[in-house]
Each structure stands twice: as C-alpha cells, then as structure tokens.
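A.B. asks: Dropping in final-v8.txt, with compact mmCIF, C-alpha atoms.
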```
# COMPACT_ATOMS: atom_id res chain seq x y z
CA MET A 1057 -235.73 -119.33 -122.43
CA ARG A 1058 -236.17 -115.66 -121.73
CA LEU A 1059 -235.24 -112.29 -123.25
CA GLN A 1060 -235.94 -109.18 -121.23
CA THR A 1061 -234.78 -105.61 -120.71
CA THR A 1062 -234.65 -103.61 -117.49
CA PHE A 1063 -234.82 -99.86 -117.86
CA THR A 1064 -234.21 -98.05 -114.57
CA PRO A 1065 -232.12 -98.25 -111.38
CA ALA A 1066 -235.27 -99.36 -109.59
CA ASP A 1067 -234.53 -102.79 -111.10
CA PHE A 1068 -231.00 -103.09 -109.68
CA GLU A 1069 -232.04 -104.35 -106.25
CA ALA A 1070 -234.37 -106.96 -107.72
CA LEU A 1071 -231.63 -108.16 -110.06
CA ALA A 1072 -229.18 -108.50 -107.19
CA GLN A 1073 -231.70 -110.66 -105.30
CA THR A 1074 -232.59 -112.84 -108.31
CA ASP A 1075 -230.96 -116.17 -109.06
CA LEU A 1076 -228.91 -115.24 -112.13
CA SER A 1077 -226.77 -118.36 -112.17
CA GLU A 1078 -228.24 -119.44 -115.53
CA THR A 1079 -228.58 -115.91 -116.90
CA SER A 1080 -226.38 -113.76 -119.10
CA CYS A 1081 -226.58 -110.00 -118.60
CA VAL A 1082 -225.41 -107.13 -120.78
CA VAL A 1083 -225.09 -103.83 -118.94
CA PHE A 1084 -225.33 -100.49 -120.74
CA ASP A 1085 -224.59 -97.04 -119.44
CA ILE A 1086 -223.87 -95.49 -122.82
CA LEU A 1087 -223.46 -91.93 -121.53
CA ARG A 1088 -220.94 -92.73 -120.16
CA ALA A 1089 -219.77 -95.37 -117.70
CA THR A 1090 -219.72 -98.53 -119.78
CA THR A 1091 -218.36 -96.64 -122.78
CA SER A 1092 -215.50 -95.36 -120.64
CA MET A 1093 -214.75 -98.87 -119.34
CA VAL A 1094 -214.65 -100.34 -122.85
CA THR A 1095 -212.42 -97.46 -123.95
CA ALA A 1096 -210.05 -97.90 -121.01
CA LEU A 1097 -209.59 -101.61 -121.63
CA GLY A 1098 -209.31 -101.06 -125.36
CA ASN A 1099 -206.50 -98.63 -124.64
CA GLY A 1100 -204.58 -101.08 -122.48
CA ALA A 1101 -205.94 -100.81 -118.93
CA GLU A 1102 -205.31 -104.07 -117.08
CA ARG A 1103 -208.56 -104.29 -115.12
CA ILE A 1104 -211.32 -102.16 -113.63
CA ARG A 1105 -213.04 -102.42 -110.25
CA PRO A 1106 -216.56 -100.93 -110.43
CA VAL A 1107 -217.99 -100.01 -107.02
CA ALA A 1108 -221.24 -98.37 -105.99
CA THR A 1109 -220.12 -95.60 -103.64
CA ILE A 1110 -217.28 -93.16 -103.07
CA ASP A 1111 -216.53 -94.80 -99.72
CA GLU A 1112 -216.20 -98.19 -101.42
CA ALA A 1113 -213.86 -96.66 -103.98
CA LEU A 1114 -211.65 -95.24 -101.23
CA ALA A 1115 -211.63 -98.60 -99.43
CA ALA A 1116 -210.63 -100.35 -102.66
CA LYS A 1117 -207.87 -97.79 -103.17
CA ALA A 1118 -206.49 -98.66 -99.74
CA GLU A 1119 -206.44 -102.32 -100.79
CA TYR A 1120 -204.95 -101.61 -104.23
CA PRO A 1121 -202.81 -98.50 -103.69
CA GLU A 1122 -201.39 -98.60 -107.21
CA ALA A 1123 -204.86 -98.21 -108.75
CA LEU A 1124 -206.21 -95.01 -110.27
CA LEU A 1125 -209.39 -93.61 -108.74
CA CYS A 1126 -211.96 -92.72 -111.40
CA GLY A 1127 -215.59 -91.70 -111.52
CA GLU A 1128 -218.23 -89.03 -111.32
CA ARG A 1129 -221.09 -87.56 -109.39
CA HIS A 1130 -223.58 -85.34 -111.22
CA GLY A 1131 -221.49 -85.88 -114.36
CA ARG A 1132 -218.32 -84.33 -112.93
CA ARG A 1133 -215.06 -85.88 -111.75
CA ILE A 1134 -215.11 -86.62 -108.03
CA THR A 1135 -213.15 -84.05 -106.03
CA ALA A 1136 -211.41 -83.81 -102.68
CA GLU A 1137 -214.42 -81.95 -101.32
CA GLN A 1138 -216.53 -85.06 -101.92
CA THR A 1139 -213.94 -87.56 -100.68
CA GLY A 1140 -212.70 -85.62 -97.69
CA GLY A 1141 -209.20 -86.15 -99.02
CA SER A 1142 -207.90 -86.11 -102.56
CA ASP A 1143 -209.26 -85.63 -106.07
CA PHE A 1144 -209.98 -88.62 -108.26
CA VAL A 1145 -207.51 -88.92 -111.14
CA LEU A 1146 -210.08 -89.40 -113.93
CA GLY A 1147 -213.74 -88.62 -114.36
CA ASN A 1148 -216.25 -90.43 -116.54
CA SER A 1149 -215.43 -89.10 -119.99
CA PRO A 1150 -214.24 -91.79 -122.40
CA ARG A 1151 -211.95 -89.16 -123.92
CA GLU A 1152 -209.91 -89.18 -120.71
CA TYR A 1153 -209.11 -92.89 -120.92
CA THR A 1154 -206.22 -92.66 -123.34
CA ALA A 1155 -203.39 -95.16 -123.54
CA ASP A 1156 -201.07 -92.61 -121.94
CA GLN A 1157 -203.34 -92.46 -118.90
CA VAL A 1158 -204.45 -96.06 -118.43
CA ALA A 1159 -202.20 -98.57 -120.22
CA GLY A 1160 -201.12 -101.28 -117.79
CA LYS A 1161 -203.08 -99.70 -114.94
CA THR A 1162 -205.69 -100.96 -112.51
CA LEU A 1163 -208.68 -98.64 -112.25
CA ILE A 1164 -211.27 -98.24 -109.50
CA THR A 1165 -214.42 -96.47 -110.62
CA THR A 1166 -217.72 -95.33 -109.17
CA THR A 1167 -220.46 -93.61 -111.14
CA THR A 1168 -224.02 -92.58 -110.46
CA ASN A 1169 -225.70 -95.55 -112.17
CA GLY A 1170 -223.41 -97.65 -114.34
CA THR A 1171 -221.27 -99.19 -111.63
CA ARG A 1172 -224.35 -99.96 -109.53
CA ALA A 1173 -225.88 -101.74 -112.51
CA LEU A 1174 -222.78 -103.91 -112.87
CA ARG A 1175 -222.70 -104.77 -109.18
CA ALA A 1176 -226.35 -105.87 -109.40
CA CYS A 1177 -225.31 -108.48 -111.99
CA LEU A 1178 -222.32 -109.81 -110.10
CA LYS A 1179 -223.82 -113.28 -109.63
CA ALA A 1180 -224.92 -113.78 -113.23
CA ARG A 1181 -223.53 -116.67 -115.24
CA GLU A 1182 -221.93 -114.06 -117.48
CA THR A 1183 -222.06 -110.27 -117.40
CA LEU A 1184 -220.92 -108.28 -120.41
CA VAL A 1185 -220.15 -104.57 -120.48
CA GLY A 1186 -221.88 -103.08 -123.50
CA SER A 1187 -221.39 -99.94 -125.55
CA PHE A 1188 -221.71 -98.85 -129.15
CA LEU A 1189 -217.90 -98.99 -129.29
CA ASN A 1190 -217.94 -102.79 -128.97
CA LEU A 1191 -221.50 -103.50 -130.06
CA GLN A 1192 -220.78 -105.94 -132.89
CA ALA A 1193 -218.26 -107.91 -130.84
CA THR A 1194 -220.87 -108.26 -128.09
CA ILE A 1195 -223.52 -109.33 -130.61
CA ASN A 1196 -221.17 -111.87 -132.18
CA HIS A 1197 -220.46 -113.38 -128.77
CA LEU A 1198 -224.15 -113.68 -127.89
CA GLN A 1199 -224.98 -115.20 -131.27
CA HIS A 1200 -222.22 -117.76 -130.72
CA THR A 1201 -222.98 -118.64 -127.08
CA ARG A 1202 -226.79 -118.43 -127.48
CA PRO A 1203 -227.69 -117.86 -123.82
CA GLY A 1204 -231.09 -119.25 -122.87
CA ARG A 1205 -231.80 -116.38 -120.49
CA LEU A 1206 -230.61 -112.91 -121.45
CA VAL A 1207 -231.23 -109.71 -119.50
CA LEU A 1208 -230.32 -106.40 -121.13
CA VAL A 1209 -229.68 -104.02 -118.23
CA CYS A 1210 -230.01 -100.29 -118.83
CA GLY A 1211 -228.26 -98.01 -116.35
CA GLY A 1212 -230.74 -95.19 -116.79
CA THR A 1213 -230.44 -91.47 -116.12
CA PHE A 1214 -230.79 -90.55 -112.45
CA GLU A 1215 -233.69 -92.84 -111.43
CA GLU A 1216 -235.40 -92.88 -114.83
CA ALA A 1217 -235.05 -94.76 -118.10
CA ALA A 1218 -232.39 -93.53 -120.53
CA PHE A 1219 -233.12 -93.26 -124.24
CA GLU A 1220 -229.53 -94.07 -125.24
CA ASP A 1221 -229.35 -97.21 -123.07
CA THR A 1222 -232.69 -98.38 -124.44
CA LEU A 1223 -231.36 -97.91 -127.98
CA ALA A 1224 -228.30 -100.06 -127.27
CA ALA A 1225 -230.39 -102.75 -125.57
CA GLY A 1226 -232.71 -102.69 -128.56
CA ALA A 1227 -229.81 -103.21 -130.94
CA ILE A 1228 -228.82 -106.35 -129.05
CA ALA A 1229 -232.41 -107.57 -128.83
CA ASP A 1230 -232.86 -107.11 -132.56
CA ALA A 1231 -229.67 -109.04 -133.32
CA VAL A 1232 -230.53 -112.06 -131.16
CA TRP A 1233 -234.29 -112.01 -131.72
CA ASP A 1234 -234.44 -115.22 -133.72
CA GLN A 1235 -232.67 -117.14 -130.95
CA PHE A 1236 -235.78 -116.85 -128.76
CA GLU A 1237 -239.29 -118.14 -129.26
CA ALA A 1238 -241.97 -115.48 -129.18
CA VAL A 1239 -243.38 -116.71 -125.87
CA ALA A 1240 -239.94 -116.19 -124.28
CA ILE A 1241 -239.62 -112.55 -125.32
CA GLU A 1242 -240.92 -110.10 -122.73
CA ASP A 1243 -242.63 -106.82 -123.58
CA SER A 1244 -239.61 -104.96 -122.23
CA ALA A 1245 -237.44 -106.44 -124.99
CA GLN A 1246 -240.15 -105.65 -127.54
CA ILE A 1247 -240.08 -102.01 -126.44
CA ALA A 1248 -236.29 -101.74 -126.66
CA ARG A 1249 -236.24 -103.37 -130.08
CA ALA A 1250 -238.97 -101.04 -131.37
CA VAL A 1251 -236.99 -98.00 -130.19
CA TRP A 1252 -233.89 -99.29 -131.99
CA GLN A 1253 -235.77 -100.04 -135.19
CA ALA A 1254 -237.29 -96.56 -135.15
CA HIS A 1255 -234.10 -94.64 -134.35
CA GLY A 1256 -231.05 -96.82 -134.98
CA ASP A 1257 -230.50 -95.51 -138.51
CA THR A 1258 -230.51 -91.89 -137.32
CA LEU A 1259 -228.63 -92.36 -134.08
CA GLY A 1260 -226.72 -89.08 -134.19
CA ASP A 1261 -229.89 -87.05 -134.71
CA SER A 1262 -232.10 -89.06 -132.40
CA ILE A 1263 -229.70 -88.90 -129.46
CA GLN A 1264 -230.13 -85.14 -129.31
CA HIS A 1265 -233.50 -85.76 -127.66
CA ALA A 1266 -232.08 -87.88 -124.82
CA LEU A 1267 -232.06 -86.14 -121.45
CA ASN A 1268 -228.53 -87.23 -120.61
CA ALA A 1269 -227.24 -86.18 -124.02
CA ARG A 1270 -228.84 -82.76 -123.69
CA ARG A 1271 -227.30 -82.36 -120.26
CA LEU A 1272 -223.82 -83.21 -121.56
CA LEU A 1273 -224.20 -81.06 -124.68
CA ALA A 1274 -224.97 -78.08 -122.46
CA VAL A 1275 -221.54 -78.34 -120.79
CA PRO A 1276 -218.83 -77.22 -123.23
CA GLU A 1277 -216.08 -79.45 -121.83
CA LEU A 1278 -218.35 -82.53 -121.90
CA ALA A 1279 -220.28 -81.97 -125.14
CA ALA A 1280 -217.85 -83.98 -127.28
CA ASP A 1281 -218.52 -87.04 -125.15
CA VAL A 1282 -221.87 -87.56 -126.87
CA ASP A 1283 -220.43 -88.17 -130.33
CA CYS A 1284 -217.57 -90.13 -128.77
CA CYS A 1285 -220.03 -92.53 -127.12
CA LEU A 1286 -221.94 -93.08 -130.38
CA GLN A 1287 -218.95 -94.36 -132.34
CA ARG A 1288 -219.61 -97.83 -133.70
CA ASP A 1289 -217.34 -100.84 -133.29
CA ILE A 1290 -214.10 -99.07 -132.44
CA PHE A 1291 -212.99 -102.07 -130.38
CA ASP A 1292 -213.36 -105.67 -131.54
CA ARG A 1293 -213.55 -107.17 -128.08
CA ILE A 1294 -216.05 -108.25 -125.48
CA VAL A 1295 -215.68 -106.89 -121.97
CA ARG A 1296 -216.74 -109.00 -118.98
CA LEU A 1297 -217.37 -108.57 -115.28
CA ASP A 1298 -215.89 -111.58 -113.49
CA GLY A 1299 -217.20 -113.23 -110.35
CA ASP A 1300 -214.69 -111.40 -108.19
CA GLY A 1301 -216.00 -108.03 -109.29
CA TRP A 1302 -213.32 -107.08 -111.83
CA VAL A 1303 -214.01 -105.90 -115.36
CA HIS A 1304 -211.54 -107.24 -117.94
```
Output the structure of this file as structure tokens.
C.D. replies:
Amino acid sequence: MRLQTTFTPADFEALAQTDLSETSCVVFDILRATTSMVTALGNGAERIRPVATIDEALAAKAEYPEALLCGERHGRRITAEQTGGSDFVLGNSPREYTADQVAGKTLITTTTNGTRALRACLKARETLVGSFLNLQATINHLQHTRPGRLVLVCGGTFEEAAFEDTLAAGAIADAVWDQFEAVAIEDSAQIARAVWQAHGDTLGDSIQHALNARRLLAVPELAADVDCCLQRDIFDRIVRLDGDGWVH
C-alpha cells in the first residue's frame, strides 16, 4: 500500500527505472499537455502517441504517415525552423483540438514536460491521463479499482514543480484518501492534498498565481487556455496510456 506524489521532471528518470508493474500512475500536465490529450480524445481522436523529443515525433510520423504532428516548445507550436522540415499541424492548446481537426485521426505529440512524464510511466500496471476536464471520471475509476500503489505524477513547469499540477494531484489524493492507511501515505501526497484543500474552492482565482498560468496569460493568443484547462468534468471518460505507448 502506498500513495505518493512526484512534483518535478527530476523524478521522471527514477520513475522509468522503478518497478511499476504493481503501480497505478496518474499523470497531470494541466497547462496544457494532458488537458489537450483528453480534449482530443473527447472530440473523437482515435489515438495519441506521446513522445519525448522532436526527433522521435518525426520518426513516428515516418512510421505513421497519416498521423498529425502536434506539440510545443516554450509554449509555442513547433515550426519548420525547429524540425528542419515542416511545421507541426497543431500546438498544445486544448482549444485547437476540435472535432473538425482531430476526429478519427491519429496524433503524434511532443511537449516540454507532459509527454516525458507519460513515457516515464510506460511500464506501470496502469497509467491514466489526468486533467480537470475528466477529473471525476478518473476519481470514480480509482475508487472502483482501488489500486494498492498509486503515484500521482506532476509534469511540472520547466524543471520545477507546477502549482496547477499539484492542485490536480491533491484533488485525486483527497478523493482516495480513505483507501490508504496513514502509514502508507507519503508526505508528498499530504502536501498535494493540503494545497487542494486550501485552494480547490477558489481554483480560478488561485491559478492566477501559478507561474505557467501567468506565462500563458501574458500571451494574448494563449491566455484563454487557462480558463479552458480549469473546466471541470467536461468529459465523462478515463484516458489511458497502453503498454505500447498509445494514449486512448
């Protein structure tokens, strides 16, 4: 029995080297990678291939030529200057992932942190893609399956902890708290839960203090992403990363 949270990308390598065969993971990159993935699948995308680097995305595109290339670096859609070839079709704004753009499509995506976090959990017994948009569905699933070991993985901002990811992890921790004995709950989960309990009721106001939110709000064409990513329970579905590296 174990409930823990990881906060920064510094934890990704350790996760990837840990035996996760009996562990469930929930990955959060609220602003914006996991929110965009949940949105894409909710709007009819067939599957998503998260990869760590631009080169891996281009290699996957060669293998799946029908797929759409998606992703960001420094918050902006990846361009031909960065790929040495062509622009990516979509960036990392959930507002881009409309049914018109993604229904029935295979997507390949690479982002600064979120896709790396997912790849670190590839060998887990189950890896869920979390967001506020499918928060209750994710909670319901965890309350039903009652995993004995649960790691709440925060994508972070650059190489640091992210307030918004910690909030989402705290919401999950709070919801499943009674499934774990006190001795099985690590301080990291206590911290995330305390942040949620302090700020969950004022999410829209509290998020204004998050570094990543402030960065997005300062860019006119990206500012609306913040409110978009804070919507609650738009999609009644869980989203999983399978053992072959596809998000469904």
A.B. asks: Within 9 Å of Pro1150 of chain A, counting only C-alpha atoms, which residues qualify if same-chain residues fewer than 4 places away don't, as JSON, numbers by chain?
C.D. replies: {"A": [1088, 1089, 1091, 1092, 1093, 1094, 1095, 1096, 1154, 1281, 1284, 1285]}
A.B. asks: As an exercise, work out the distance from atom CA of Leu1273 of chain A to atom CA of Asp1257 of chain A in Å and give it to one decimal place.
C.D. replies: 21.0 Å
A.B. asks: Each side padded by 3 Å, which centre and which edge lengths in Å (one decimal) define the axis-aligned box around the listed atoms of segment 1195-1206 of chain A? Give them as JSON.
C.D. replies:
```
{"center_x": -226.1, "center_y": -114.3, "center_z": -126.3, "size_x": 17.3, "size_y": 15.9, "size_z": 17.7}
```
A.B. asks: Pick the closest to Glu1128 of chain A from A:Leu1097, A:Ile1104, A:Ile1164, A:Ile1247: which is it, counting only C-alpha atoms?
C.D. replies: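 Smallest separation from Glu1128 of chain A among the options: A:Ile1164.
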A.B. asks: Would you mind telling me which residue in A:Glu1237, A:Gly1140, A:Leu1125, A:Phe1219 lies nearest to Ala1269 of chain A when using all atoms listed in the file?
C.D. replies: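 Selected residue with least distance to Ala1269 of chain A: A:Phe1219.
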A.B. asks: Between A:Glu1137, A:Glu1182, A:Asp1156, A:Glu1112, which residue has the minimum interatomic distance to Asn1099 of chain A, considering all atoms listed in the file?
C.D. replies: A:Asp1156
A.B. asks: Please return, as a list in words, all polymer residues that have at least one atom within 12 Å of the point (-213.4, -100.2, -100.9); use only C-alpha atoms and the file's own coordinate frame.
C.D. replies: Arg1105, Pro1106, Val1107, Ala1108, Thr1109, Ile1110, Asp1111, Glu1112, Ala1113, Leu1114, Ala1115, Ala1116, Lys1117, Ala1118, Glu1119, Tyr1120, Pro1121, Ala1123, Leu1125, Ile1164, Thr1165, Thr1166 and Gly1301 of chain A
A.B. asks: Which residue is closest to Leu1272 of chain A? Choose from A:Arg1058, A:Lys1161, A:Arg1249, A:His1130 and count only C-alpha atoms.
C.D. replies: A:His1130
A.B. asks: Between A:Gly1226, A:Pro1203, A:Gly1211, A:Gly1260, which is the closest to Asp1283 of chain A once you count only C-alpha atoms?
C.D. replies: A:Gly1260
A.B. asks: Skipping near chain neighbours, those fewer than 4 positions away, what residues fall within 10 Å of Gly1098 of chain A using all atoms listed in the file, listed as an MDAnalysis selection string?
C.D. replies: chainID A and resid 1092:1094 1102 1153:1155 1158:1159 1189:1190 1290:1295 1304
A.B. asks: May I ask for the distance between atom CA of Val1083 of chain A and atom CA of Leu1178 of chain A, given in Å to one decimal place?
C.D. replies: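 Separation of atom CA of Val1083 of chain A and atom CA of Leu1178 of chain A: 11.0 Å.
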A.B. asks: Please tabulate, as a Markdown table, the residues of segment 1198-1233 of chain A that come within 7 Å of segment 1068-1080 of chain A, each with its closest pair of atoms and the distance in Å to one decimal, counting only C-alpha atoms and ordering rows by chain, then residue number upward.
C.D. replies:
```
| residue | atom | partner | partner_atom | distance |
| --- | --- | --- | --- | --- |
| A:Pro1203 | CA | A:Ser1080 | CA | 6.4 |
| A:Arg1205 | CA | A:Thr1079 | CA | 4.8 |
| A:Leu1206 | CA | A:Ser1080 | CA | 4.9 |
| A:Val1207 | CA | A:Ser1080 | CA | 6.3 |
```
A.B. asks: Provide the atom CA of Phe1214 of chain A to atom CA of Leu1198 of chain A distance in Å, to one decimal place.
C.D. replies: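 A separation of 28.6 Å between them.
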